[in-house]
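See below for work-v5.txt, which holds compact mmCIF, C-alpha atoms.
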```txt
# COMPACT_ATOMS: atom_id res chain seq x y z
CA MET A 94 -20.60 8.37 2.49
CA MET A 95 -17.21 7.46 1.02
CA ARG A 96 -14.18 8.80 2.92
CA MET A 97 -10.38 8.87 2.65
CA THR A 98 -8.27 9.00 5.86
CA VAL A 99 -4.51 9.45 5.41
CA LEU A 100 -2.64 7.84 8.32
CA ALA A 101 0.85 8.42 6.91
CA SER A 102 2.41 9.66 3.70
CA GLY A 103 6.12 10.01 2.95
CA SER A 104 9.41 8.14 2.82
CA LYS A 105 9.02 7.07 6.47
CA GLY A 106 5.72 5.30 5.83
CA ASN A 107 2.49 5.30 3.83
CA SER A 108 -0.98 4.15 4.79
CA THR A 109 -4.49 5.33 3.90
CA ILE A 110 -7.98 4.13 4.83
CA VAL A 111 -10.62 4.23 2.09
CA SER A 112 -14.09 3.61 3.47
CA SER A 113 -17.67 3.50 2.28
CA SER A 114 -20.87 3.15 4.27
CA ARG A 115 -20.25 -0.62 4.57
CA THR A 116 -16.57 -1.35 3.79
CA ARG A 117 -13.17 -0.21 5.06
CA ILE A 118 -9.92 -0.89 3.18
CA LEU A 119 -6.42 -0.09 4.40
CA VAL A 120 -4.20 0.83 1.44
CA ASP A 121 -0.58 -0.02 2.36
CA ALA A 122 0.80 -0.53 5.87
CA GLY A 123 4.11 1.30 5.85
CA LEU A 124 4.43 1.86 9.60
CA SER A 125 4.75 -0.61 12.47
CA CYS A 126 1.63 -2.43 13.62
CA ARG A 127 1.64 -0.50 16.90
CA GLU A 128 2.00 2.90 15.19
CA LEU A 129 -0.74 2.15 12.67
CA LEU A 130 -3.15 1.14 15.44
CA LYS A 131 -2.24 4.31 17.35
CA ARG A 132 -2.92 6.50 14.33
CA MET A 133 -6.22 4.75 13.62
CA GLN A 134 -7.29 5.51 17.17
CA MET A 135 -6.25 9.16 16.79
CA ALA A 136 -8.28 9.37 13.56
CA ASP A 137 -11.30 7.76 15.23
CA GLU A 138 -11.03 4.71 12.95
CA ASP A 139 -11.85 1.30 14.43
CA PRO A 140 -9.17 -1.27 13.43
CA ALA A 141 -11.69 -4.08 13.92
CA ALA A 142 -13.78 -2.57 11.11
CA ILE A 143 -11.01 -2.99 8.51
CA ASP A 144 -12.12 -5.55 5.91
CA ALA A 145 -8.91 -5.94 3.88
CA LEU A 146 -5.39 -4.66 3.25
CA LEU A 147 -4.51 -3.53 -0.27
CA VAL A 148 -0.87 -3.19 -1.40
CA THR A 149 0.42 -0.77 -4.06
CA HIS A 150 3.96 -2.22 -4.16
CA GLU A 151 6.54 -3.99 -1.99
CA HIS A 152 8.83 -1.14 -0.89
CA GLN A 153 9.40 -0.98 2.86
CA ASP A 154 7.68 2.36 3.37
CA HIS A 155 4.47 0.71 2.12
CA VAL A 156 4.65 -2.73 3.77
CA GLN A 157 6.61 -2.40 7.03
CA GLY A 158 3.71 -3.42 9.28
CA LEU A 159 1.80 -5.47 6.71
CA ALA A 160 2.20 -9.03 7.98
CA VAL A 161 1.86 -8.28 11.69
CA LEU A 162 -1.17 -6.02 11.22
CA ALA A 163 -2.93 -8.43 8.84
CA ARG A 164 -2.47 -11.28 11.33
CA LYS A 165 -3.66 -9.13 14.21
CA LEU A 166 -6.80 -8.01 12.38
CA GLY A 167 -7.38 -11.38 10.69
CA VAL A 168 -8.01 -9.83 7.29
CA PRO A 169 -6.90 -10.82 3.76
CA VAL A 170 -4.18 -8.99 1.87
CA TYR A 171 -4.61 -8.09 -1.81
CA PHE A 172 -1.50 -8.04 -4.04
CA THR A 173 -0.57 -8.47 -7.66
CA GLN A 174 1.21 -11.81 -7.98
CA ALA A 175 4.55 -10.16 -8.81
CA THR A 176 4.29 -7.84 -5.81
CA HIS A 177 3.48 -10.75 -3.52
CA ARG A 178 6.50 -12.70 -4.73
CA ALA A 179 8.78 -9.66 -4.31
CA TRP A 180 7.42 -9.03 -0.82
CA MET A 181 8.03 -12.66 0.15
CA ARG A 182 11.63 -12.47 -1.10
CA SER A 183 12.23 -9.35 0.98
CA MET A 184 10.78 -11.03 4.07
CA MET A 185 12.97 -14.12 3.70
CA PRO A 186 16.21 -12.89 2.09
CA HIS A 187 18.33 -15.73 3.50
CA LYS A 188 15.91 -18.57 2.81
CA ARG A 189 15.33 -20.39 -0.44
CA MET A 190 11.68 -21.08 -1.20
CA THR A 191 10.16 -21.34 -4.65
CA TYR A 192 6.75 -19.92 -5.34
CA ALA A 193 5.44 -23.47 -5.92
CA ALA A 194 6.72 -24.49 -2.49
CA TRP A 195 4.95 -21.54 -0.90
CA LEU A 196 1.70 -22.47 -2.66
CA ALA A 197 2.00 -26.02 -1.33
CA LEU A 198 2.49 -24.68 2.20
CA ARG A 199 -0.51 -22.39 1.78
CA GLN A 200 -2.72 -25.28 0.63
CA GLN A 201 -1.56 -27.34 3.61
CA ASP A 202 -2.35 -24.45 5.96
CA LEU A 203 -5.83 -24.04 4.45
CA ALA A 204 -6.51 -27.75 4.93
CA GLN A 205 -5.48 -27.51 8.58
CA ARG A 206 -7.75 -24.51 9.11
CA GLN A 207 -10.70 -26.31 7.52
CA ALA A 208 -10.09 -29.28 9.79
CA ALA A 209 -9.97 -26.95 12.79
CA GLU A 210 -13.32 -25.45 11.82
CA VAL A 211 -14.90 -28.90 11.94
CA ALA A 212 -13.53 -29.51 15.43
CA PRO A 213 -15.32 -28.04 18.50
CA ALA A 214 -14.88 -24.29 18.53
CA THR A 215 -12.56 -22.70 21.06
CA ALA A 216 -11.79 -19.06 21.61
CA ALA A 217 -8.88 -18.06 19.39
CA PRO A 218 -6.12 -16.15 21.19
CA GLU A 219 -5.55 -12.60 20.02
CA ILE A 220 -2.39 -12.11 17.95
CA GLU A 221 -0.37 -9.25 19.36
CA CYS A 222 1.89 -6.88 17.51
CA ALA A 223 5.33 -8.47 17.08
CA ASP A 224 7.02 -6.59 19.92
CA GLU A 225 4.27 -7.70 22.31
CA ALA A 226 4.01 -11.36 21.28
CA PRO A 227 5.22 -14.07 23.68
CA ALA A 228 8.40 -15.94 22.82
CA GLY A 229 6.61 -19.04 21.51
CA LYS A 230 4.58 -17.05 19.00
CA GLN A 231 7.63 -15.10 17.88
CA GLU A 232 9.44 -18.37 17.15
CA ASP A 233 6.50 -19.64 15.07
CA LEU A 234 6.34 -16.43 13.08
CA ALA A 235 10.10 -16.44 12.57
CA LYS A 236 9.70 -19.76 10.72
CA ASP A 237 7.22 -18.21 8.31
CA PRO A 238 7.24 -14.40 8.50
CA CYS A 239 5.11 -14.32 5.33
CA SER A 240 2.17 -16.01 7.04
CA LEU A 241 -1.05 -14.11 6.34
CA PRO A 242 -4.72 -14.82 7.16
CA GLY A 243 -5.50 -14.77 3.46
CA VAL A 244 -3.99 -13.74 0.13
CA GLU A 245 -5.99 -12.46 -2.83
CA TYR A 246 -4.59 -11.51 -6.22
CA PHE A 247 -5.59 -8.79 -8.65
CA ALA A 248 -4.11 -7.54 -11.93
CA ALA A 249 -3.59 -3.99 -13.14
CA GLY A 250 -6.29 -3.00 -15.58
CA THR A 251 -8.83 -5.50 -14.24
CA GLY A 252 -11.44 -4.21 -11.83
CA PHE A 253 -12.57 -6.08 -8.73
CA SER A 254 -14.57 -5.36 -5.59
CA ILE A 255 -14.09 -5.55 -1.84
CA GLY A 256 -17.47 -5.27 -0.17
CA ASP A 257 -19.37 -2.45 -1.84
CA ILE A 258 -16.22 -0.65 -3.06
CA ALA A 259 -15.35 -1.14 -6.73
CA ILE A 260 -11.59 -0.96 -7.33
CA THR A 261 -9.70 -0.35 -10.56
CA PRO A 262 -5.91 -0.82 -10.30
CA PHE A 263 -3.68 0.86 -12.87
CA THR A 264 0.03 0.48 -13.63
CA ILE A 265 2.37 3.25 -12.47
CA PRO A 266 6.03 3.89 -13.47
CA HIS A 267 8.11 3.08 -10.36
CA ASP A 268 11.11 0.87 -9.60
CA ALA A 269 9.15 -1.98 -8.00
CA ALA A 270 8.04 -5.41 -9.24
CA ASP A 271 4.51 -4.47 -10.34
CA PRO A 272 3.49 -1.12 -8.80
CA VAL A 273 -0.08 0.15 -9.08
CA GLY A 274 -2.35 3.03 -8.19
CA PHE A 275 -6.05 2.65 -7.47
CA VAL A 276 -9.41 4.18 -8.28
CA PHE A 277 -12.19 3.48 -5.76
CA GLU A 278 -15.91 3.91 -6.37
CA ALA A 279 -18.81 3.60 -3.92
CA ASP A 280 -21.80 5.61 -2.72
CA GLY A 281 -21.69 7.62 -5.94
CA VAL A 282 -18.17 8.91 -5.16
CA ARG A 283 -14.95 8.27 -7.08
CA MET A 284 -11.50 8.51 -5.44
CA ALA A 285 -7.97 7.86 -6.75
CA ILE A 286 -4.56 7.23 -5.19
CA ALA A 287 -1.57 7.83 -7.47
CA THR A 288 1.76 8.05 -5.66
CA ASP A 289 5.27 6.65 -6.19
CA LEU A 290 5.47 7.37 -9.90
CA GLY A 291 8.33 8.93 -11.81
CA TYR A 292 6.16 10.72 -14.37
CA MET A 293 2.54 10.97 -15.56
CA PRO A 294 2.02 8.47 -18.40
CA PRO A 295 -1.18 8.53 -20.49
CA ASN A 296 -2.72 5.53 -18.71
CA VAL A 297 -2.46 7.27 -15.32
CA LYS A 298 -3.90 10.52 -16.70
CA MET A 299 -6.83 8.56 -18.09
CA ALA A 300 -7.38 6.47 -14.95
CA ILE A 301 -7.72 9.43 -12.59
CA ARG A 302 -10.20 11.41 -14.67
CA ASN A 303 -13.61 12.26 -13.21
CA CYS A 304 -12.52 11.75 -9.60
CA ASP A 305 -14.16 13.55 -6.70
CA VAL A 306 -11.04 13.12 -4.54
CA LEU A 307 -7.51 12.79 -5.92
CA MET A 308 -4.47 11.84 -3.83
CA ILE A 309 -1.40 12.47 -5.98
CA GLU A 310 2.33 12.57 -5.34
CA SER A 311 4.24 15.86 -5.09
CA ASN A 312 7.47 14.48 -3.68
CA HIS A 313 10.20 17.06 -4.13
CA ASP A 314 11.38 20.44 -5.30
CA LEU A 315 13.96 19.78 -8.02
CA GLU A 316 16.46 22.41 -6.87
CA MET A 317 16.22 21.31 -3.24
CA LEU A 318 16.77 17.72 -4.28
CA ARG A 319 19.79 18.57 -6.45
CA ASP A 320 21.37 20.67 -3.67
CA GLY A 321 20.24 18.43 -0.82
CA PRO A 322 22.01 15.83 1.35
CA TYR A 323 21.09 12.67 -0.60
CA PRO A 324 23.89 10.68 -2.31
CA TRP A 325 24.00 11.30 -6.08
CA SER A 326 22.80 7.74 -6.79
CA VAL A 327 19.67 8.37 -4.70
CA LYS A 328 19.06 11.73 -6.38
CA GLN A 329 19.26 10.03 -9.79
CA ARG A 330 16.77 7.39 -8.70
CA VAL A 331 14.28 9.93 -7.31
CA MET A 332 14.49 12.10 -10.44
CA SER A 333 14.25 9.16 -12.86
CA ARG A 334 11.16 8.07 -14.77
CA VAL A 335 10.69 5.26 -12.24
CA GLY A 336 11.31 7.44 -9.20
CA HIS A 337 9.05 10.08 -7.65
CA LEU A 338 6.92 12.90 -9.03
CA SER A 339 8.31 16.41 -8.50
CA ASN A 340 6.34 19.51 -7.52
CA GLU A 341 6.98 20.87 -11.01
CA ALA A 342 5.70 17.74 -12.73
CA VAL A 343 2.47 17.53 -10.74
CA SER A 344 1.92 21.28 -11.11
CA ASP A 345 2.32 20.97 -14.88
CA PHE A 346 -0.14 18.07 -14.96
CA LEU A 347 -2.76 19.84 -12.85
CA GLU A 348 -2.46 23.00 -14.96
CA LYS A 349 -2.41 21.48 -18.45
CA ASN A 350 -3.85 17.95 -18.43
CA TYR A 351 -6.13 17.51 -15.43
CA ASP A 352 -9.88 17.73 -15.89
CA GLY A 353 -10.35 19.70 -12.65
CA ASN A 354 -13.22 17.51 -11.49
CA ALA A 355 -11.99 16.79 -7.95
CA SER A 356 -13.40 18.73 -5.03
CA TYR A 357 -10.27 17.79 -3.07
CA VAL A 358 -6.70 17.25 -4.30
CA VAL A 359 -4.37 15.77 -1.67
CA LEU A 360 -0.64 16.25 -2.32
CA ALA A 361 1.09 13.14 -0.97
CA HIS A 362 4.48 11.51 -0.36
CA LEU A 363 6.12 14.89 0.32
CA SER A 364 9.84 14.69 1.04
CA GLU A 365 10.86 16.00 4.46
CA CYS A 366 14.30 17.04 3.16
CA ASN A 367 13.46 18.27 -0.33
CA ASN A 368 10.13 20.02 -0.13
CA LEU A 369 8.60 23.15 1.40
CA LEU A 370 4.96 22.38 0.56
```
Please re-express this file's structure in structure tokens.
Amino acid sequence: MMRMTVLASGSKGNSTIVSSSRTRILVDAGLSCRELLKRMQMADEDPAAIDALLVTHEHQDHVQGLAVLARKLGVPVYFTQATHRAWMRSMMPHKRMTYAAWLALRQQDLAQRQAAEVAPATAAPEIECADEAPAGKQEDLAKDPCSLPGVEYFAAGTGFSIGDIAITPFTIPHDAADPVGFVFEADGVRMAIATDLGYMPPNVKMAIRNCDVLMIESNHDLEMLRDGPYPWSVKQRVMSRVGHLSNEAVSDFLEKNYDGNASYVVLAHLSECNNLL
């Protein structure tokens, strides 16, 4: 049976496991590696069963533990190309590396791994979370903090599959390089994740129709946000059409435009300062 397990949702971090009878996908890794593993254990989810990491966009509250966790679990990470490039730039802000140079390094790394597979097999050492890694490993990772076990690309509007889960990514309006939401289908169940969007455009409304489970943003109460402690520039960003969805906006959508098919609607990315939900 298909299942959704929310490990974290909000400005301090976002991460959700979507699983079928045969496949487990971690959508975003917005907490530290150690905290994500702790929350998986609390939710009775086996980290070793994760098949892939899927990224909605490159903002820190969605990718904080991405690289360390992916290396620890030895699983590929799925991005759009623009999101991957933006994530790499954020990981190496003081280093100059073109995308072509990164591709060359990746090809070299793949060649070395293939050569290692031909050599006699030896037990591979476990990769610890960053704060537990020995000094030598930390130095190696500091040279290439973007190192991942594997990188796979997808494009909004084009479906693909991971294991037995069919995935349809759709574009969302947010101030990131190429942000997306997802629809997942397996075991006769359809689920959607639509957070970090400033408003509900027609393509999002269409994408999330006929879902059995809908996880949708309800970030803030407008009056609380206007009267709250955020700087005015942050308030403008949150309220903009590339910011976050308000309680009023999601309520209006659910009342007037939603098909009402979902058995469960999960309100997500709630603001701690500007929401009473």
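Using all atoms listed in the file, the protein and nucleic acid residues lying at most 8 Å from the point (-9.6, -2.1, 14.2) are Leu130, Met133, Glu138, Asp139, Pro140, Ala141, Ala142, Ile143 and Leu166 of chain A.
Remark: for Val282 in chain A, the closest of the candidate residues A:Leu318, A:Met95, A:Met332, A:Val244 is A:Met95 (distances computed over only C-alpha atoms).
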Discussion item. Neighbouring residues of Cys366 in chain A were defined as those with any atom within 12 Å, considering all atoms listed in the file; residues of the same chain fewer than 3 positions away were excluded. Please report them as a list in words.
Written reply: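 Counting all atoms listed in the file, the residues come to Gly103, Ser104, Lys105, Asn312, His313, Asp314, Leu315, Glu316, Met317, Leu318, Arg319, Asp320, Gly321, Pro322, Tyr323, Lys328, His362, Leu363, Leu369 and Leu370 of chain A.
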Across A:Gly158, A:Gly123, A:Pro294, A:Gly256, the smallest distance to Asn350 in chain A, with all atoms listed in the file counted, is shown by A:Pro294
* Asked: Mind pulling up the distance from CA of Val99 in chain A to CA of His267 in chain A?
  ->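 That distance, rounded to one decimal, is 21.2 Å.
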re CA of Ala175 in chain A and CA of Val148 in chain A: distance 11.5 Å
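CA of Phe275 in chain A is found 9.1 Å from CA of Ala249 in chain A.
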**Message:** Which residue is closest to Gln153 in chain A? Choose from A:Trp180, A:Trp325, A:Tyr357, A:Phe247 and count all atoms listed in the file.
**Reply:**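 Once distances to Gln153 in chain A are computed over all atoms listed in the file, the minimum belongs to A:Trp180.
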Note to self: Set the distance at 9 Å and use all atoms listed in the file: which residues neighbour Val170 in chain A once local chain neighbours fewer than 3 positions away are removed? I'd like the list as a VMD selection string.
What the structure shows: chain A and resid 145 to 148 159 to 160 163 241 to 246
